[in-house]
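The structure appears right after this line, and notes come after that.
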Amino acid sequence: MSKHLLSRYAEAVYWLARYVERTENLARVLDVNETFSRDSRGGQNWQSILQLYRDEERFAETGQEATAENVLYFYALDQHNPSSIISSIHMARENARTLRPLISTEMWIQLNILYNHLRAMTRANLAEPRIARFCSFIKEACQTHTGITEGTFYRDEGWYFYQLGRWIERADQATRLLDVKYHLLLPSVDNVGSPLDVSQWNSVLRSAAGYHAFRRIHPSGMTPTDVTGFLLFHKRFPRSVRACVAQMEALLHDLKTTYDLRQGVGALEQLDALRSGLVNQTADSVVKSGLHEFLDWIQQTLIKVHGELGHDYFGYEEAQ
């Protein structure tokens, strides 16, 4: 394929995947947090969503209180918020428009219908009990996109960049979810091991679509350390950070060998460091030495991977 594809088109398909994956993850977080908000710390929990996406300042500019109704609208249908579901789907659609010569007609039609459906929605679509229905609709739409892409997208260089975008976004979202929820879930240490504690970590797993897979490994019982270890280190769970890193490494190696591309060395070096850090740690050691610091290191390394990909393949002037 042409060098033009490996810059403009490669970047567009990479971001198409990231925006769809980001949308599904956000819908999962909102769905789970709507359940958390029913406890006595509801205000703090909704503030945690803003912290998760580092949007405290942007939301403050709206002049609204961080209530369930306002935060839900901000993240679902507010077109002025670049982190919202409708904004992410809009950006996915714009990237898909750029890729019309390359992607399947089915991929384009499904995204176009989804975006127009979201544009027609109002605050009323987010009122209880409709929020659960809204989140289910978004998750199913994103999964439909993934299925259509799997079944119709031609396997050339573009396919590899789509997959790279999907896995890097998934790894990043897993670390963000753990970072915020680990610190804000429990009212006090007295609740560790209580039904409330187990219920909340159960919900964290469900927000990462990992509950049933977790139960394959841990048929009974649930601790924060077990959940943390599963989402970070378990190589057979497709949403764990370790699994995402392994997928990205394999994709970059395949790009080099299949298409004789010499780029990607910097990204592979960062991924190798990330994999080594994950292999040489355990959940117990990470929690004891500082979970936040470890998650922050993962996030910073993923940013470097993105920067290296941008420099080598997308025409960025320098790696971040």
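Residue numbers start at 1 in each chain; chains themselves are named A, B, ... in the order of the structure tokens; ligands are numbered from 1 in the order shown.
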
Please report, as a PyMOL selection string, each residue of range 92-185 of chain A to which DSSP assigns alpha helix (DSSP H) when run on this structure's backbone. chain A and resi 92-98+105-119+130-152+157-184

Applying 12 Å and only C-alpha atoms, which residues near range 283-288 of chain A remain after dropping the ones on its own chain fewer than 3 positions away? List them as an MDAnalysis selection string. chainID A and resid 178:179 182:183 223:234 277:280 291:297

Go ahead and write the selection's residues with C-alpha atoms as an mmCIF file, in the first residue's frame.
data_model
loop_
_atom_site.group_PDB
_atom_site.id
_atom_site.type_symbol
_atom_site.label_atom_id
_atom_site.label_comp_id
_atom_site.auth_asym_id
_atom_site.auth_seq_id
_atom_site.Cartn_x
_atom_site.Cartn_y
_atom_site.Cartn_z
ATOM 1 C CA LEU A 178 -8.712 0.872 38.837
ATOM 2 C CA ASP A 179 -6.925 4.049 39.881
ATOM 3 C CA TYR A 182 -9.574 1.598 44.301
ATOM 4 C CA HIS A 183 -9.321 4.804 46.332
ATOM 5 C CA THR A 223 -10.780 -9.029 47.403
ATOM 6 C CA PRO A 224 -9.511 -5.730 46.007
ATOM 7 C CA THR A 225 -6.098 -7.329 45.468
ATOM 8 C CA ASP A 226 -7.598 -10.222 43.502
ATOM 9 C CA VAL A 227 -9.570 -7.843 41.269
ATOM 10 C CA THR A 228 -6.562 -5.588 40.775
ATOM 11 C CA GLY A 229 -4.348 -8.524 39.866
ATOM 12 C CA PHE A 230 -6.900 -9.880 37.423
ATOM 13 C CA LEU A 231 -7.355 -6.581 35.572
ATOM 14 C CA LEU A 232 -3.642 -5.849 35.431
ATOM 15 C CA PHE A 233 -1.785 -9.141 35.127
ATOM 16 C CA HIS A 234 -3.983 -11.969 33.899
ATOM 17 C CA GLY A 277 7.204 -4.352 34.569
ATOM 18 C CA LEU A 278 3.982 -6.354 34.499
ATOM 19 C CA VAL A 279 5.683 -9.760 34.483
ATOM 20 C CA ASN A 280 7.977 -8.874 37.370
ATOM 21 C CA LEU A 291 -1.002 1.075 43.326
ATOM 22 C CA HIS A 292 -1.533 4.659 42.172
ATOM 23 C CA GLU A 293 2.151 5.082 41.346
ATOM 24 C CA PHE A 294 2.233 1.825 39.399
ATOM 25 C CA LEU A 295 -0.902 2.720 37.431
ATOM 26 C CA ASP A 296 0.506 6.176 36.720
ATOM 27 C CA TRP A 297 3.683 4.578 35.339
#

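Residues within 9 Å of Thr105 in chain A, counting only C-alpha atoms and excluding same-chain residues fewer than 5 positions away, are Arg100, Gln110 and Thr152 of chain A.
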
Convert the current residue selection to file output with N, CA and C atoms, as a PDB file, in the first residue's frame.
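That gives us out28.pdb:
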ATOM      1  N   ARG A 100     -13.642   6.160   4.044  1.00  0.00           N
ATOM      2  CA  ARG A 100     -14.670   5.550   3.204  1.00  0.00           C
ATOM      3  C   ARG A 100     -14.115   4.687   2.071  1.00  0.00           C
ATOM      4  N   GLN A 110     -23.438   1.664  10.035  1.00  0.00           N
ATOM      5  CA  GLN A 110     -23.740   1.449  11.463  1.00  0.00           C
ATOM      6  C   GLN A 110     -23.310   2.641  12.313  1.00  0.00           C
ATOM      7  N   THR A 152     -15.933  -7.753   8.280  1.00  0.00           N
ATOM      8  CA  THR A 152     -15.946  -7.115   6.955  1.00  0.00           C
ATOM      9  C   THR A 152     -14.703  -6.314   6.609  1.00  0.00           C
TER      10      THR A 152
END

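The closest residue to Gly210 in chain A, picked from A:Glu94, A:Glu106, A:Ile113, A:Arg28 and counting only C-alpha atoms, is A:Arg28.
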
Using only C-alpha atoms, which protein or nucleic acid residues come within 12 Å of Ala246 in chain A? Drop anything in the same chain fewer than 3 positions from it, and give the result as an MDAnalysis selection string. chainID A and resid 164 167:168 171 233:243 249:253 268 271:276 278:279

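Between Ile131 in chain A and the candidates A:Tyr259, A:Arg119, A:Ser220, A:Val29, the tightest atom-to-atom separation, counting only C-alpha atoms, involves A:Val29.
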
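If you look at CA of Lys139 in chain A and CA of Ala27 in chain A, they are 6.4 Å away from each other.
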
Could you tell me how far CA of Asn112 in chain A lies from CA of Tyr75 in chain A, in Å and to one decimal? 19.8 Å
